[in-house]
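Below is one structure; the comments refer to it alone.
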Amino acid sequence: MCAEVIAKGAEELAAALDGAAADLSARPEGLRRAQSVGLCRRWPRAHFHPTPELFVQTGGATRFEGPEQRWELSSGEVGLMPRGVPHAETPLDGATRYGIVVACCGRAGFTLIRAHAPSGVKGSARSVIPTDVLSVASERGREAFRYLDEAEQAWAAGREAGEVAVDLTRVFLRVLAEEARRAEPGRRRYSPLVEAARAVARSHLADPRLSVEWLARAAGCSPDHLTRRFRAETGGTVVAWLTGERVALAQRLLGEGKYQVAEVGWACGFAQPSYFIRVFRARTGLTPLAWRRTRAGELASATTAGAVMVGR
């Protein structure tokens, strides 16, 4: 894939975000949101993320289902998914064919995914297939996701605060559009196929259904082809890389101290806490709880040492 094609995709994604921001200016009621549920927990067919997401519906509709809620995002609307909310997504066609753009937070920036859903399959079995994936290394873009947290807090405060939520969401969309246009298409470590697979996987680590077969289907190739290309370019297997990414995410969440160990496992795609503990210990030599305590002790020691140095 040449740099011109990549740049064109970035511009189209940025234009979709700008268009959504303009639509919210004209029709603030076009902003929808899932209800926060407090404790992050499992839900049938659902997954949740430790960071908020934003959905821009460009065609058709998406049905979201989760604890005590079910709602649809229609074409032209923007959906806010607060952090920690379990949700299952079902693509629906309407007057227009299904299309969506999703903004996901990353460790060093953010990812924009534009997707469609092939016709011929109905209900929850219908898959959403990425057509464009743009990963942007941007501290400004990553920090912009706090606007979504603030928008959720403002919206929960009452009807009048809903205007603040809309304004914050519009700012978020504008920032990501600007950063997407600034992305440098030449900085790619791997082929477009492997880069896209890695970006999509990182945005779906919480989904226990994530697998080589799922990624291959999303990339439009066979599992064998993806496996060969991934090993040839990275030197490792897709499965081993996925496990490493999930454990790395678990370490970050454990270090933050916001979630229980079981919640961390679910947020990283481990359906059973016992399996999460076994995989985590195999990778780090410690159980998640022991790792958290060790990490907390290291931070406390570093804080004490810093205070001593300042006092001298």
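Labels used: A, B, ... for chains in the order of the structure tokens, numbers from 1 for residues in each chain, and numbers from 1 for ligands as shown.
Residues surrounding Tyr98 in chain A within 10 Å are Gln57, Thr58, Gly59, Gly60, Ala61, Thr62, Ser74, Ser75, Pro91, Leu92, Ala115, His116, Ala117, Pro118, Ser119 and Val128 of chain A [only C-alpha atoms; sequence separation below 6 positions excluded].
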message: I'd like to know which residues of range 25-265 of chain A are strand (DSSP E or B) (by DSSP, run on the backbone); could you write them as a VMD selection string?
response: chain A and resid 31 to 33 47 53 to 59 61 to 66 69 to 74 78 to 81 87 to 92 99 to 105 109 to 116 129 to 137
Only C-alpha atoms, please: the residues just picked out, written as a compact mmCIF listing (two decimals), in the first residue's frame.
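Full text of selection.txt as output:
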# COMPACT_ATOMS: atom_id res chain seq x y z
CA LEU A 31 -25.21 12.27 20.56
CA ARG A 32 -26.19 9.01 22.24
CA ARG A 33 -24.56 7.20 25.14
CA HIS A 47 -16.76 -7.16 26.16
CA GLU A 53 -14.82 4.63 22.84
CA LEU A 54 -16.68 6.78 20.35
CA PHE A 55 -18.78 5.43 17.47
CA VAL A 56 -19.73 7.45 14.38
CA GLN A 57 -22.53 5.72 12.47
CA THR A 58 -22.05 6.46 8.77
CA GLY A 59 -24.72 4.10 7.45
CA ALA A 61 -27.49 1.26 12.46
CA THR A 62 -25.83 -0.57 15.37
CA ARG A 63 -27.77 -2.25 18.14
CA PHE A 64 -25.93 -2.13 21.46
CA GLU A 65 -26.87 -4.49 24.28
CA GLY A 66 -25.50 -4.64 27.80
CA GLN A 69 -29.89 -1.53 28.51
CA ARG A 70 -30.49 -1.93 24.79
CA TRP A 71 -30.32 0.92 22.32
CA GLU A 72 -29.62 1.67 18.67
CA LEU A 73 -27.27 4.13 17.01
CA SER A 74 -28.71 5.33 13.70
CA VAL A 78 -22.56 9.58 17.42
CA GLY A 79 -22.40 7.07 20.27
CA LEU A 80 -20.36 7.41 23.46
CA MET A 81 -19.39 4.17 25.18
CA HIS A 87 -21.54 -4.17 25.30
CA ALA A 88 -22.40 -6.43 22.40
CA GLU A 89 -22.80 -4.89 18.95
CA THR A 90 -25.13 -6.06 16.17
CA PRO A 91 -24.88 -4.34 12.74
CA LEU A 92 -28.17 -3.46 11.02
CA GLY A 99 -21.00 1.63 8.00
CA ILE A 100 -19.25 2.86 11.14
CA VAL A 101 -16.10 4.62 12.32
CA VAL A 102 -14.76 3.77 15.78
CA ALA A 103 -12.21 5.76 17.79
CA CYS A 104 -10.22 3.68 20.28
CA CYS A 105 -7.58 4.80 22.78
CA GLY A 109 -2.02 7.38 20.71
CA PHE A 110 -5.27 6.20 19.19
CA THR A 111 -6.73 4.03 16.44
CA LEU A 112 -9.49 4.85 13.98
CA ILE A 113 -11.33 1.92 12.40
CA ARG A 114 -13.81 2.24 9.56
CA ALA A 115 -15.87 -0.91 9.09
CA HIS A 116 -18.75 -2.43 7.16
CA ILE A 129 -15.27 -6.14 8.98
CA PRO A 130 -12.68 -3.32 9.09
CA THR A 131 -12.04 -1.61 5.76
CA ASP A 132 -9.63 1.09 6.95
CA VAL A 133 -7.42 1.06 10.05
CA LEU A 134 -5.34 4.07 11.05
CA SER A 135 -3.08 3.94 14.11
CA VAL A 136 -1.76 7.35 15.12
CA ALA A 137 1.08 7.89 17.59
query: Which residues come within 10 Å of Phe276 in chain A, counting only C-alpha atoms, excluding same-chain residues fewer than 5 positions away, as number ranges by chain?
result: A: 246-247, 250, 261-262, 264-266, 268-271, 281-282, 287-288
statement: note - CA of Gln251 in chain A and CA of Pro86 in chain A are separated by 20.6 Å
Mind running range 149-216 of chain A against range 225-243 of chain A at 9 Å and telling me each contacting residue's nearest atom pair with the distance in Å (one decimal), counting only C-alpha atoms, chain and number ascending, as a tab-separated table?
residue	atom	partner	partner_atom	distance
A:Tyr190	CA	A:Glu233	CA	6.7
A:Ser191	CA	A:Glu233	CA	8.0
A:Leu193	CA	A:Leu226	CA	7.9
A:Val194	CA	A:Phe230	CA	6.1
A:Ala197	CA	A:Leu226	CA	8.6
A:Arg198	CA	A:Leu242	CA	8.7
A:Ala201	CA	A:Leu242	CA	7.6
A:Arg202	CA	A:Leu242	CA	8.4
A:Leu205	CA	A:Leu242	CA	7.9
A:Leu210	CA	A:Leu242	CA	8.9
A:Ser211	CA	A:Val239	CA	7.5
A:Val212	CA	A:Val238	CA	6.6
A:Leu215	CA	A:Leu226	CA	8.3
A:Ala216	CA	A:Leu226	CA	6.2
Report as JSON lines the residues of range 4-115 of chain A within 6 Å of range 166-185 of chain A, each with its shortest atom pair and distance in Å (one decimal), using only C-alpha atoms, ordered by chain and increasing residue number.
{"residue": "A:Ala10", "atom": "CA", "partner": "A:Ala180", "partner_atom": "CA", "distance": 6.0}
{"residue": "A:Ala14", "atom": "CA", "partner": "A:Ala177", "partner_atom": "CA", "distance": 4.3}
{"residue": "A:Leu17", "atom": "CA", "partner": "A:Leu173", "partner_atom": "CA", "distance": 5.4}
{"residue": "A:Ala21", "atom": "CA", "partner": "A:Arg170", "partner_atom": "CA", "distance": 4.9}
Grab the residues selected above and save them as a compact mmCIF listing (two decimals), in the first residue's frame with N, CA and C atoms.
# COMPACT_ATOMS: atom_id res chain seq x y z
N ALA A 10 -6.44 8.29 5.64
CA ALA A 10 -6.40 9.15 6.82
C ALA A 10 -7.28 10.37 6.62
N ALA A 14 -10.52 11.36 8.83
CA ALA A 14 -10.57 12.67 9.47
C ALA A 14 -11.82 13.44 9.03
N LEU A 17 -14.81 12.31 10.96
CA LEU A 17 -14.86 12.89 12.31
C LEU A 17 -15.29 14.36 12.27
N ALA A 21 -18.66 16.06 13.96
CA ALA A 21 -18.63 17.24 14.83
C ALA A 21 -19.59 18.31 14.31
